[in-house]
>>> print(open('structure-v3.txt').read())   # compact mmCIF, C-alpha atoms
# COMPACT_ATOMS: atom_id res chain seq x y z
CA MET A 19 122.38 88.51 109.89
CA GLU A 20 118.85 87.08 109.95
CA MET A 21 115.89 89.47 109.88
CA SER A 22 114.59 88.08 113.19
CA THR A 23 117.85 89.10 114.85
CA LEU A 24 117.60 92.60 113.38
CA PHE A 25 114.11 93.07 114.82
CA LEU A 26 115.11 91.86 118.29
CA GLY A 27 116.52 95.21 119.45
CA SER A 28 113.37 97.12 118.49
CA LEU A 29 110.56 94.84 119.72
CA THR A 30 109.73 97.11 122.65
CA GLU A 31 109.02 100.06 120.35
CA VAL A 32 107.08 97.84 117.95
CA GLU A 33 104.88 96.64 120.80
CA LYS A 34 104.22 100.20 121.95
CA ASN A 35 103.23 101.26 118.44
CA ASP A 36 101.01 98.20 118.06
CA ALA A 37 99.10 99.21 121.21
CA GLU A 38 98.72 102.77 119.93
CA ASP A 39 97.62 101.60 116.49
CA ALA A 40 95.15 99.15 118.03
CA ILE A 41 93.55 102.10 119.82
CA GLY A 42 93.55 104.05 116.57
CA LEU A 43 91.89 101.08 114.85
CA LEU A 44 89.14 100.93 117.48
CA LEU A 45 88.46 104.64 117.03
CA VAL A 46 88.18 104.49 113.23
CA LEU A 47 85.99 101.36 113.47
CA LEU A 48 83.65 103.33 115.72
CA TRP A 49 83.75 106.18 113.20
CA LEU A 50 83.00 103.70 110.41
CA ALA A 51 80.05 102.25 112.36
CA LEU A 52 78.58 105.72 112.85
CA ARG A 53 79.20 106.78 109.24
CA SER A 54 78.90 103.52 107.30
CA ARG A 55 77.04 105.02 104.33
CA ASP A 56 79.02 105.08 101.06
CA SER A 57 81.97 103.41 102.76
CA GLY A 58 83.02 101.57 99.60
CA LEU A 59 83.86 98.37 101.49
CA ALA A 60 82.47 96.33 98.59
CA ASN A 61 85.06 97.82 96.22
CA TYR A 62 88.13 95.62 95.80
CA ARG A 63 90.24 98.62 94.75
CA LEU A 64 89.60 100.20 98.14
CA TRP A 65 90.83 97.04 99.86
CA PHE A 66 93.92 96.87 97.64
CA TRP A 67 95.08 100.48 98.09
CA SER A 68 94.15 100.60 101.79
CA SER A 69 96.05 97.37 102.47
CA PHE A 70 98.93 98.75 100.41
CA ALA A 71 98.97 101.84 102.64
CA GLY A 72 98.82 99.73 105.82
CA LEU A 73 101.75 97.66 104.58
CA GLY A 74 103.71 100.87 103.96
CA VAL A 75 103.00 102.30 107.41
CA SER A 76 103.99 99.05 109.16
CA GLY A 77 107.19 98.87 107.12
CA ASN A 78 107.97 102.48 107.92
CA PHE A 79 107.61 101.94 111.68
CA ALA A 80 109.42 98.59 111.78
CA PHE A 81 112.39 99.47 109.59
CA TYR A 82 112.81 102.83 111.33
CA PHE A 83 113.15 101.16 114.73
CA VAL A 84 115.52 98.54 113.31
CA SER A 85 117.68 101.31 111.84
CA ILE A 86 117.82 103.05 115.23
CA ALA A 87 118.73 99.79 116.99
CA GLN A 88 121.48 99.00 114.49
CA GLY A 89 122.78 102.55 114.01
CA SER A 90 121.60 105.86 115.45
CA VAL A 91 118.51 108.05 115.62
CA ALA A 92 120.12 110.72 113.40
CA VAL A 93 120.98 108.25 110.63
CA ALA A 94 117.60 106.52 110.83
CA ALA A 95 115.64 109.80 110.76
CA THR A 96 117.66 111.22 107.87
CA LEU A 97 117.21 108.09 105.76
CA MET A 98 113.51 107.78 106.58
CA TYR A 99 112.91 111.36 105.53
CA SER A 100 114.53 110.65 102.18
CA ALA A 101 111.01 109.54 101.21
CA PRO A 102 110.34 112.59 98.95
CA GLY A 103 113.15 111.42 96.69
CA PHE A 104 111.58 107.97 96.30
CA VAL A 105 108.12 109.47 95.74
CA TYR A 106 109.44 111.82 93.06
CA LEU A 107 111.30 109.06 91.24
CA ALA A 108 108.23 106.82 91.29
CA SER A 109 105.96 109.69 90.18
CA PHE A 110 108.27 110.56 87.30
CA ALA A 111 108.69 106.91 86.25
CA LEU A 112 104.90 106.35 86.28
CA LYS A 113 104.37 109.70 84.49
CA LEU A 114 102.15 110.98 87.29
CA GLU A 115 104.15 114.20 87.43
CA ARG A 116 106.66 115.96 85.26
CA PRO A 117 110.06 116.83 86.73
CA ASN A 118 110.97 120.49 86.88
CA ALA A 119 113.51 122.75 88.58
CA VAL A 120 111.10 123.76 91.36
CA LYS A 121 110.54 120.18 92.50
CA TRP A 122 114.17 119.11 92.30
CA THR A 123 115.22 122.24 94.18
CA SER A 124 112.57 121.57 96.83
CA ILE A 125 113.93 118.08 97.40
CA ALA A 126 117.50 119.34 97.68
CA VAL A 127 116.61 122.14 100.11
CA VAL A 128 114.39 119.94 102.29
CA MET A 129 117.03 117.20 102.50
CA THR A 130 119.62 119.82 103.45
CA GLY A 131 117.28 120.99 106.20
CA ILE A 132 116.80 117.39 107.40
CA VAL A 133 120.56 116.84 107.54
CA LEU A 134 121.04 120.00 109.60
CA LEU A 135 118.07 119.23 111.87
CA THR A 136 119.13 115.64 112.60
CA GLN A 137 122.78 116.64 113.11
CA ILE A 138 123.88 113.59 111.12
CA CYS A 139 127.26 115.22 110.45
CA ASP A 140 128.09 114.88 114.16
CA VAL A 141 127.29 111.16 114.35
CA ASN A 142 130.17 108.91 115.37
CA GLU A 143 131.39 106.80 112.44
CA SER A 144 130.87 103.64 114.49
CA ARG A 145 127.12 104.36 114.49
CA VAL A 146 126.94 104.50 110.69
CA THR A 147 126.58 100.82 109.82
CA VAL A 148 125.27 98.84 106.86
CA ALA A 149 122.75 97.16 109.19
CA GLY A 150 121.45 100.63 110.10
CA ILE A 151 121.57 102.22 106.62
CA GLY A 152 119.67 99.40 104.88
CA PRO A 153 116.59 99.46 107.14
CA GLY A 154 116.71 103.27 107.16
CA LEU A 155 116.38 103.36 103.37
CA LEU A 156 113.63 100.74 103.53
CA ALA A 157 111.82 102.98 106.05
CA GLY A 158 111.97 105.80 103.49
CA ILE A 159 110.68 103.52 100.72
CA SER A 160 107.86 102.33 103.02
CA TYR A 161 107.00 105.98 103.71
CA ALA A 162 106.63 106.47 99.95
CA VAL A 163 104.49 103.32 99.69
CA PHE A 164 101.89 104.51 102.19
CA ILE A 165 101.75 107.95 100.55
CA PHE A 166 100.75 106.34 97.24
CA GLY A 167 98.35 103.97 99.02
CA PHE A 168 96.53 106.78 100.80
CA LYS A 169 96.56 108.85 97.59
CA TYR A 170 94.77 106.28 95.42
CA ALA A 171 92.39 104.76 97.99
CA PRO A 172 90.04 107.78 98.58
CA PRO A 173 88.29 107.67 95.15
CA HIS A 174 87.02 104.20 96.03
CA GLY A 175 85.65 104.72 99.54
CA SER A 176 85.35 106.82 102.68
CA PRO A 177 88.30 107.91 104.87
CA GLN A 178 87.03 105.86 107.81
CA ALA A 179 86.86 102.70 105.66
CA ILE A 180 90.38 103.33 104.33
CA LEU A 181 91.80 103.85 107.81
CA SER A 182 89.98 100.82 109.20
CA ILE A 183 91.55 98.52 106.59
CA ALA A 184 94.98 100.16 106.76
CA PHE A 185 95.11 100.08 110.58
CA ALA A 186 93.90 96.47 110.64
CA VAL A 187 96.78 95.48 108.34
CA LEU A 188 99.20 97.60 110.36
CA ALA A 189 98.12 96.19 113.73
CA ALA A 190 98.21 92.60 112.43
CA ILE A 191 101.75 92.95 111.05
CA LEU A 192 103.16 94.68 114.12
CA LEU A 193 101.42 92.19 116.41
CA TRP A 194 103.00 89.34 114.43
CA MET A 195 106.43 90.97 114.75
CA GLY A 196 106.15 91.75 118.45
CA ASP A 197 105.03 89.96 121.60
CA ALA A 198 101.24 89.78 121.90
CA ASP A 199 101.34 89.43 125.70
CA GLN A 200 103.48 92.55 126.10
CA THR A 201 101.29 94.47 123.67
CA ILE A 202 98.19 93.64 125.72
CA ALA A 203 100.07 94.41 128.95
CA ALA A 204 100.95 97.86 127.59
CA LEU A 205 97.25 98.77 127.72
CA SER A 206 97.06 98.00 131.44
CA THR A 207 99.94 100.23 132.49
CA GLN A 208 99.58 103.61 134.15
CA ASP A 209 100.51 105.18 130.81
CA TRP A 210 97.23 104.13 129.15
CA PRO A 211 95.98 107.77 128.88
CA LEU A 212 99.12 108.51 126.86
CA PHE A 213 98.43 105.54 124.58
CA ILE A 214 94.88 106.79 124.02
CA SER A 215 96.14 110.30 123.26
CA LEU A 216 98.67 108.95 120.78
CA GLY A 217 96.00 106.72 119.24
CA VAL A 218 93.63 109.65 118.77
CA LEU A 219 96.10 112.32 117.68
CA GLY A 220 98.99 110.30 116.28
CA ALA A 221 96.96 107.68 114.45
CA GLY A 222 93.29 108.45 113.90
CA LEU A 223 93.21 112.24 113.49
CA SER A 224 96.57 112.72 111.78
CA PHE A 225 96.07 110.01 109.15
CA GLY A 226 92.47 111.11 108.60
CA LEU A 227 93.57 114.66 107.82
CA TYR A 228 96.41 113.30 105.68
CA ILE A 229 93.98 111.32 103.51
CA ILE A 230 91.74 114.37 103.07
CA GLY A 231 94.74 116.52 102.14
CA LEU A 232 95.96 114.02 99.54
CA ASN A 233 92.72 114.52 97.63
CA TYR A 234 93.99 117.95 96.67
CA THR A 235 97.74 117.32 96.47
CA ALA A 236 100.01 115.29 94.22
CA PRO A 237 102.00 112.52 95.97
CA ALA A 238 105.37 114.18 95.41
CA VAL A 239 104.22 117.54 96.76
CA ALA A 240 102.55 115.85 99.74
CA SER A 241 105.75 113.97 100.55
CA ILE A 242 107.69 117.22 100.85
CA MET A 243 104.96 118.92 102.88
CA ALA A 244 105.06 115.95 105.27
CA MET A 245 108.64 116.90 106.09
CA VAL A 246 107.24 119.51 108.47
CA GLU A 247 106.83 116.57 110.88
CA PRO A 248 110.41 116.66 112.25
CA VAL A 249 110.07 120.42 112.63
CA THR A 250 106.95 120.12 114.80
CA ALA A 251 108.64 117.32 116.78
CA SER A 252 111.63 119.58 117.45
CA LEU A 253 109.40 122.47 118.49
CA PHE A 254 107.51 120.12 120.81
CA GLY A 255 110.82 119.18 122.40
CA VAL A 256 111.69 122.84 122.94
CA VAL A 257 108.31 123.91 124.34
CA VAL A 258 107.36 120.83 126.38
CA LEU A 259 110.64 119.05 127.13
CA ARG A 260 112.72 122.21 127.56
CA GLU A 261 115.26 121.10 124.99
CA HIS A 262 117.60 123.52 123.23
CA LEU A 263 118.28 123.84 119.51
CA THR A 264 121.68 124.58 118.02
CA GLY A 265 122.18 127.21 115.34
CA SER A 266 122.38 124.60 112.57
CA GLU A 267 119.17 122.93 113.76
CA ILE A 268 117.35 126.27 113.64
CA VAL A 269 118.67 126.86 110.10
CA GLY A 270 117.50 123.36 109.11
CA MET A 271 114.02 124.04 110.49
CA GLY A 272 113.91 127.33 108.62
CA LEU A 273 114.88 125.70 105.32
CA ILE A 274 112.16 123.08 105.69
CA LEU A 275 109.44 125.56 106.68
CA VAL A 276 110.30 128.02 103.89
CA THR A 277 110.36 125.24 101.28
CA VAL A 278 107.07 123.70 102.43
CA THR A 279 105.38 127.10 102.47
CA ALA A 280 106.71 128.05 99.02
CA LEU A 281 105.74 124.67 97.58
CA SER A 282 102.20 124.89 98.99
CA ILE A 283 101.78 128.28 97.30
CA TYR A 284 103.25 126.90 94.07
CA SER A 285 100.98 123.83 94.10
CA ARG A 286 97.92 126.01 94.63
CA TYR A 287 98.38 127.28 91.09
CA HIS A 288 99.33 123.89 89.67
CA ARG A 289 96.58 121.54 90.83
CA SER A 290 97.02 119.14 87.91
CA PHE A 291 99.45 116.23 88.04
CA TYR A 292 101.06 117.73 84.94
CA ASP A 293 102.65 121.16 85.28
>>> encode(input="structure-v3.txt", output="structure tokens")
Amino acid sequence: MEMSTLFLGSLTEVEKNDAEDAIGLLLVLLWLALRSRDSGLANYRLWFWSSFAGLGVSGNFAFYFVSIAQGSVAVAATLMYSAPGFVYLASFALKLERPNAVKWTSIAVVMTGIVLLTQICDVNESRVTVAGIGPGLLAGISYAVFIFGFKYAPPHGSPQAILSIAFAVLAAILLWMGDADQTIAALSTQDWPLFISLGVLGAGLSFGLYIIGLNYTAPAVASIMAMVEPVTASLFGVVVLREHLTGSEIVGMGLILVTVTALSIYSRYHRSFYD
């Protein structure tokens, strides 16, 4: 099956994300204009790592939506959140970190929590397809790519410069994949306040804080801590959308939260890349 056919079922979501990311780009460009001093825009390493991160974020979004379209949300989410495994393998291969029992155990426990939280065991076999598994794994790899990009860009420039370049790459790729007319039309709908909110909180603020946090955290540790994202999403569903969690989902959330908390305490005493 051609790649263009695979993307067809997820163009609507791509266009929505492109509108949100365009808003996020405008916000960080404004931030960059106000705080342009020591931006590092003349440094080619900043451009390389920031573009690398933008490529990873766009791949993460696109492949995740393709995986949903070709399979199911549970399968896509589980595979995307396999990112810590890819980050660990890359970190070990590049000798950025040394493997130990704590890290391997953290990966195993977090992935168990993800499996319970996404309820992948209850997915109908017909929804587990090769066309869904492949993009899901690529979404996880892309997740790992942008973690490394955002990790190694900060020494060469300011957060606002990094985000400006990364979001520009992200918006350009998603705009190329989607329909430009529909992307522009999305900004004129009655939902534009929601797009602005998502642009501010989901793009600008969240990625800005993520870059700052990566200055003090190794990529592998940061990838596991990022797994709190599905937990907060589930809690949002319970509080705002009045959804209900099953017993296994609550156990999965607990495993993730306990592991992230324990790992943050552990990393506080092991700041170096080498334990």
>>> atom_distance(input="structure-v3.txt", atom1="CA of Ser124 in chain A", atom2="CA of Ser90 in chain A")
26.0 Å
>>> closest_atom_pairs(input="structure-v3.txt", of="range 159-193 of chain A", to="range 57-60 of chain A", cutoff="12 Å", atoms="all atoms listed in the file", output="JSON lines")
{"residue": "A:Ala171", "atom": "CA", "partner": "A:Gly58", "partner_atom": "CA", "distance": 10.0}
{"residue": "A:Pro172", "atom": "CA", "partner": "A:Gly58", "partner_atom": "CA", "distance": 9.4}
{"residue": "A:Pro173", "atom": "CA", "partner": "A:Gly58", "partner_atom": "CA", "distance": 9.2}
{"residue": "A:His174", "atom": "CA", "partner": "A:Gly58", "partner_atom": "CA", "distance": 6.0}
{"residue": "A:Gly175", "atom": "CA", "partner": "A:Gly58", "partner_atom": "CA", "distance": 4.1}
{"residue": "A:Ser176", "atom": "CA", "partner": "A:Ser57", "partner_atom": "CA", "distance": 4.8}
{"residue": "A:Pro177", "atom": "CA", "partner": "A:Ser57", "partner_atom": "CA", "distance": 8.0}
{"residue": "A:Gln178", "atom": "CA", "partner": "A:Ser57", "partner_atom": "CA", "distance": 7.6}
{"residue": "A:Ala179", "atom": "CA", "partner": "A:Ser57", "partner_atom": "CA", "distance": 5.7}
{"residue": "A:Ile180", "atom": "CA", "partner": "A:Ser57", "partner_atom": "CA", "distance": 8.6}
{"residue": "A:Leu181", "atom": "CA", "partner": "A:Ser57", "partner_atom": "CA", "distance": 11.1}
{"residue": "A:Ser182", "atom": "CA", "partner": "A:Leu59", "partner_atom": "CA", "distance": 10.1}
{"residue": "A:Ile183", "atom": "CA", "partner": "A:Leu59", "partner_atom": "CA", "distance": 9.2}
>>> closest_residue(input="structure-v3.txt", among="A:Tyr284, A:Gly131, A:Leu114, A:Ala236", to="Val249 in chain A", atoms="all atoms listed in the file")
A:Gly131
>>> closest_residue(input="structure-v3.txt", among="A:Ile151, A:Val133, A:Val93, A:Ala238", to="Glu115 in chain A", atoms="all atoms listed in the file")
A:Ala238
>>> axis_aligned_box(input="structure-v3.txt", around="range 162-178 of chain A", padding_each_side="8 Å", output="lines of an AutoDock Vina configuration file")
center_x = 96.0
center_y = 106.1
center_z = 101.5
size_x = 37.3
size_y = 21.5
size_z = 28.7
>>> residues_around(input="structure-v3.txt", residues="Ala162 in chain A", least_positions_apart="6", cutoff="12 Å", atoms="all atoms listed in the file", output="PyMOL selection string")
chain A and resi 70-75+77-78+98-109+155-156+168-169+237-242+244
>>> residues_around(input="structure-v3.txt", residues="Ser76 in chain A", least_positions_apart="2", cutoff="10 Å", atoms="all atoms listed in the file", output="PyMOL selection string")
chain A and resi 32+35-36+71-74+78-82+157+160-161+164+184-185+187-192
>>> atom_distance(input="structure-v3.txt", atom1="CA of Leu134 in chain A", atom2="CA of Arg116 in chain A")
28.6 Å
>>> closest_residue(input="structure-v3.txt", among="A:Ala149, A:Met129, A:Leu112, A:Ala280", to="Ala87 in chain A", atoms="only C-alpha atoms")
A:Ala149
>>> atom_distance(input="structure-v3.txt", atom1="CA of Thr136 in chain A", atom2="CA of Val257 in chain A")
18.0 Å
>>> closest_residue(input="structure-v3.txt", among="A:Ile230, A:Val91, A:Leu48, A:Val120", to="Ser282 in chain A", atoms="only C-alpha atoms")
A:Val120
>>> closest_residue(input="structure-v3.txt", among="A:Val148, A:Leu232, A:Leu223, A:Val128", to="Val276 in chain A", atoms="all atoms listed in the file")
A:Val128
>>> closest_residue(input="structure-v3.txt", among="A:Phe225, A:Ile132, A:Gln137, A:Ala186", to="Met245 in chain A", atoms="all atoms listed in the file")
A:Ile132
